[in-house]
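Here's the structure, in structure tokens; my notes come after.
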Amino acid sequence: MRLLLVEDELDLARPLAKGLQREGYAVDMAHAGDTGLELALLHDYDLAIIDINLPEMDGLTLCRQLRREKPLLLILILTARSHPLDSITGLDAGADDYVTKPFHFGELAARLRALLRRESTITDPILTFKDLRLDPASQTLWQSRQRRELTRKEFGILEYLMRHPNEVISQETLLEHIWDAHANVLTNTVRVHISSLRIKLNDHATAPTYIETVIGSGYRLVGSANSTLP
Ligand code: CA
């Protein structure tokens with residue numbers, strides 16, 4: 001999942017971005033409203049975190065503009081305790097949720113997960129597919145009773161596929177949602193990660209149990225999205 005963080009206070013923005021990366025998100029940062037808008041229109045973000053009080057273009061204007069241009073983008077605004085009405089104005093401007101500063105990182109992270117669940121129409125916090133159980137909150141994957149150690153990118157790819165069951169997901173889409181703007185990615189990057197993921201899951205490209213290659217189009221989970229585990 002790829003996030004856009006628009007926050008001008010660097011002392012808050014930098015540690016926040018680091019924390020979000022540790023949670024497995026790809027994160028791009030903007031420090032003013034106008035550059036935030038540019039980035040949001042350039043890339044296909046899953047969610048934007050927008051501070052209300054921003055230079056150049058304030059967060060509410062940015063929010064309204066994004067709502068018009070990107071109706072499906074999830075938006076969480078950061079409001080200040082000293083301006084209690086901002087949350088209402090923000091929701092009316094099209095934000096999906098808000099967090100009031102100062103906040104605990106854990107609260108923000110939990111709200112992001114809740115918003116992303118809402119978007120994917122998958123309401124269970126644990127994603128399941130066949131004998132795989134993936135927990136975005138703790139960044140863990142189990143295959144039957146075995147815990148599998150995945151890199152962040154492998155985890156991100158599998159999570160994205162599990163959030164979009166039965167859809168063919170192109171390499172470009174995976175690059176767009178799992179790598180940030182600073183990543184120096186090559187055309188075969190996705191293929192390399194898919195192949196290491198398959199090795200860890202003991203999956204085979206020629207007779208796949210989990211991830212199927214759709215030649216010329218991308219990747220998709222094999223067969224139905226129904227889980228077999230409780
Ligand atoms: Ca600010």
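Chain labels A, B, ... are given in the sequence in which chains occur in the structure tokens; within each chain residues are numbered consecutively from 1, and ligands are likewise numbered from 1 in the order shown.
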Item to check | Exercise answer, 6 Å around ligand 1 with only C-alpha atoms and all ligand atoms, as a PyMOL selection string | outcome: chain A and resi 7-9+51+53-54
Could the residues of range 46-140 of chain A that have an atom at most 12 Å from range 36-40 of chain A be listed as JSON lines, each with its closest atom pair and the distance in Å to one decimal, counting only C-alpha atoms and ordered by chain and ascending residue number?
{"residue": "A:Asp46", "atom": "CA", "partner": "A:Ala40", "partner_atom": "CA", "distance": 10.0}
{"residue": "A:Leu47", "atom": "CA", "partner": "A:Ala40", "partner_atom": "CA", "distance": 9.5}
{"residue": "A:Ala48", "atom": "CA", "partner": "A:Ala40", "partner_atom": "CA", "distance": 8.0}
{"residue": "A:Ile49", "atom": "CA", "partner": "A:Gly36", "partner_atom": "CA", "distance": 10.0}
{"residue": "A:Ile50", "atom": "CA", "partner": "A:Gly36", "partner_atom": "CA", "distance": 8.6}
{"residue": "A:Asp51", "atom": "CA", "partner": "A:Gly36", "partner_atom": "CA", "distance": 10.5}
{"residue": "A:Leu54", "atom": "CA", "partner": "A:Gly36", "partner_atom": "CA", "distance": 9.9}
{"residue": "A:Pro55", "atom": "CA", "partner": "A:Gly36", "partner_atom": "CA", "distance": 10.6}
{"residue": "A:Glu56", "atom": "CA", "partner": "A:Gly36", "partner_atom": "CA", "distance": 10.1}
{"residue": "A:Met57", "atom": "CA", "partner": "A:Leu37", "partner_atom": "CA", "distance": 8.9}
{"residue": "A:Asp58", "atom": "CA", "partner": "A:Gly36", "partner_atom": "CA", "distance": 10.3}
{"residue": "A:Gly59", "atom": "CA", "partner": "A:Gly36", "partner_atom": "CA", "distance": 9.4}
{"residue": "A:Leu60", "atom": "CA", "partner": "A:Leu37", "partner_atom": "CA", "distance": 11.7}
{"residue": "A:Thr61", "atom": "CA", "partner": "A:Leu37", "partner_atom": "CA", "distance": 9.9}
{"residue": "A:Leu62", "atom": "CA", "partner": "A:Leu37", "partner_atom": "CA", "distance": 6.5}
{"residue": "A:Cys63", "atom": "CA", "partner": "A:Leu37", "partner_atom": "CA", "distance": 9.0}
{"residue": "A:Arg64", "atom": "CA", "partner": "A:Leu37", "partner_atom": "CA", "distance": 10.7}
{"residue": "A:Gln65", "atom": "CA", "partner": "A:Leu37", "partner_atom": "CA", "distance": 8.1}
{"residue": "A:Leu66", "atom": "CA", "partner": "A:Leu37", "partner_atom": "CA", "distance": 7.3}
{"residue": "A:Arg67", "atom": "CA", "partner": "A:Ala40", "partner_atom": "CA", "distance": 11.0}
{"residue": "A:Arg68", "atom": "CA", "partner": "A:Leu37", "partner_atom": "CA", "distance": 11.8}
{"residue": "A:Glu69", "atom": "CA", "partner": "A:Ala40", "partner_atom": "CA", "distance": 9.5}
{"residue": "A:Lys70", "atom": "CA", "partner": "A:Ala40", "partner_atom": "CA", "distance": 8.5}
{"residue": "A:Pro71", "atom": "CA", "partner": "A:Ala40", "partner_atom": "CA", "distance": 11.9}
{"residue": "A:Leu72", "atom": "CA", "partner": "A:Ala40", "partner_atom": "CA", "distance": 11.9}
{"residue": "A:Leu73", "atom": "CA", "partner": "A:Ala40", "partner_atom": "CA", "distance": 9.1}
{"residue": "A:Leu74", "atom": "CA", "partner": "A:Ala40", "partner_atom": "CA", "distance": 11.3}
{"residue": "A:Ile75", "atom": "CA", "partner": "A:Ala40", "partner_atom": "CA", "distance": 11.0}
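Nearest residue to Gln21 in chain A among A:Gly216, A:Leu5, A:His83, A:Arg198 is A:Leu5, counting only C-alpha atoms.
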Checklist entry - Interatomic distance between CA of Tyr45 in chain A and CA of Leu85 in chain A? => result 27.1 Å
Once you count only C-alpha atoms, what closest atom pair and distance in Å to one decimal does each residue of range 141-215 of chain A within 7 Å of range 125-136 of chain A have, with rows by chain and rising residue number, as a tab-separated table?
residue	atom	partner	partner_atom	distance
A:Leu141	CA	A:Leu134	CA	4.5
A:Trp142	CA	A:Arg133	CA	5.2
A:Gln143	CA	A:Leu132	CA	4.6
A:Ser144	CA	A:Asp131	CA	5.1
A:Met162	CA	A:Leu127	CA	6.7
Can I get the selection written as a CSV table (one decimal), in the first residue's frame, with all heavy atoms?
chain,number,residue,atom,x,y,z
A,141,LEU,N,2.9,-13.4,8.3
A,141,LEU,CA,2.2,-14.3,7.3
A,141,LEU,C,2.4,-15.7,7.9
A,141,LEU,O,3.5,-16.1,8.3
A,141,LEU,CB,2.8,-14.2,5.9
A,141,LEU,CG,2.3,-15.3,5.0
A,141,LEU,CD1,0.9,-14.9,4.5
A,141,LEU,CD2,3.2,-15.5,3.8
A,142,TRP,N,1.3,-16.5,7.9
A,142,TRP,CA,1.3,-17.9,8.3
A,142,TRP,C,0.9,-18.7,7.1
A,142,TRP,O,0.0,-18.3,6.3
A,142,TRP,CB,0.4,-18.2,9.4
A,142,TRP,CG,0.8,-17.6,10.7
A,142,TRP,CD1,1.6,-18.2,11.7
A,142,TRP,CD2,0.3,-16.4,11.3
A,142,TRP,NE1,1.7,-17.3,12.8
A,142,TRP,CE2,1.0,-16.2,12.5
A,142,TRP,CE3,-0.5,-15.4,10.8
A,142,TRP,CZ2,0.8,-15.1,13.4
A,142,TRP,CZ3,-0.7,-14.3,11.6
A,142,TRP,CH2,-0.1,-14.1,12.9
A,143,GLN,N,1.5,-19.8,6.9
A,143,GLN,CA,1.1,-20.7,5.8
A,143,GLN,C,0.8,-22.0,6.6
A,143,GLN,O,1.8,-22.6,7.2
A,143,GLN,CB,2.3,-21.0,4.8
A,143,GLN,CG,1.9,-21.8,3.7
A,143,GLN,CD,3.0,-22.0,2.7
A,143,GLN,OE1,4.2,-21.9,3.1
A,143,GLN,NE2,2.7,-22.2,1.4
A,144,SER,N,-0.4,-22.4,6.6
A,144,SER,CA,-0.9,-23.4,7.6
A,144,SER,C,-0.4,-23.0,9.0
A,144,SER,O,-0.8,-21.9,9.4
A,144,SER,CB,-0.3,-24.8,7.3
A,144,SER,OG,-1.0,-25.2,6.1
A,162,MET,N,-3.9,-10.2,-2.2
A,162,MET,CA,-4.9,-10.7,-1.4
A,162,MET,C,-6.1,-9.7,-1.1
A,162,MET,O,-7.2,-10.1,-0.9
A,162,MET,CB,-4.3,-11.2,0.0
A,162,MET,CG,-3.5,-12.5,-0.2
A,162,MET,SD,-2.6,-13.0,1.3
A,162,MET,CE,-4.0,-13.8,2.3
Checklist entry - Which residues in range 38-195 of chain A does DSSP call alpha helix (DSSP H)? List them as a PyMOL selection string. => result chain A and resi 38-42+59-69+86-92+105-120+152-163+171-178+189-195
Next on the checklist: I need the residue nearest Met29 in chain A from this list: A:Arg220, A:Arg2, A:Arg152, A:Arg117. Use only C-alpha atoms for the distance.
Outcome noted: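 Looking only at the distances to Met29 in chain A, the closest residue turns out to be A:Arg2.
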Item to check | strand (DSSP E or B) call set, DSSP backbone run, chain A, as a count of residues only | outcome: 52
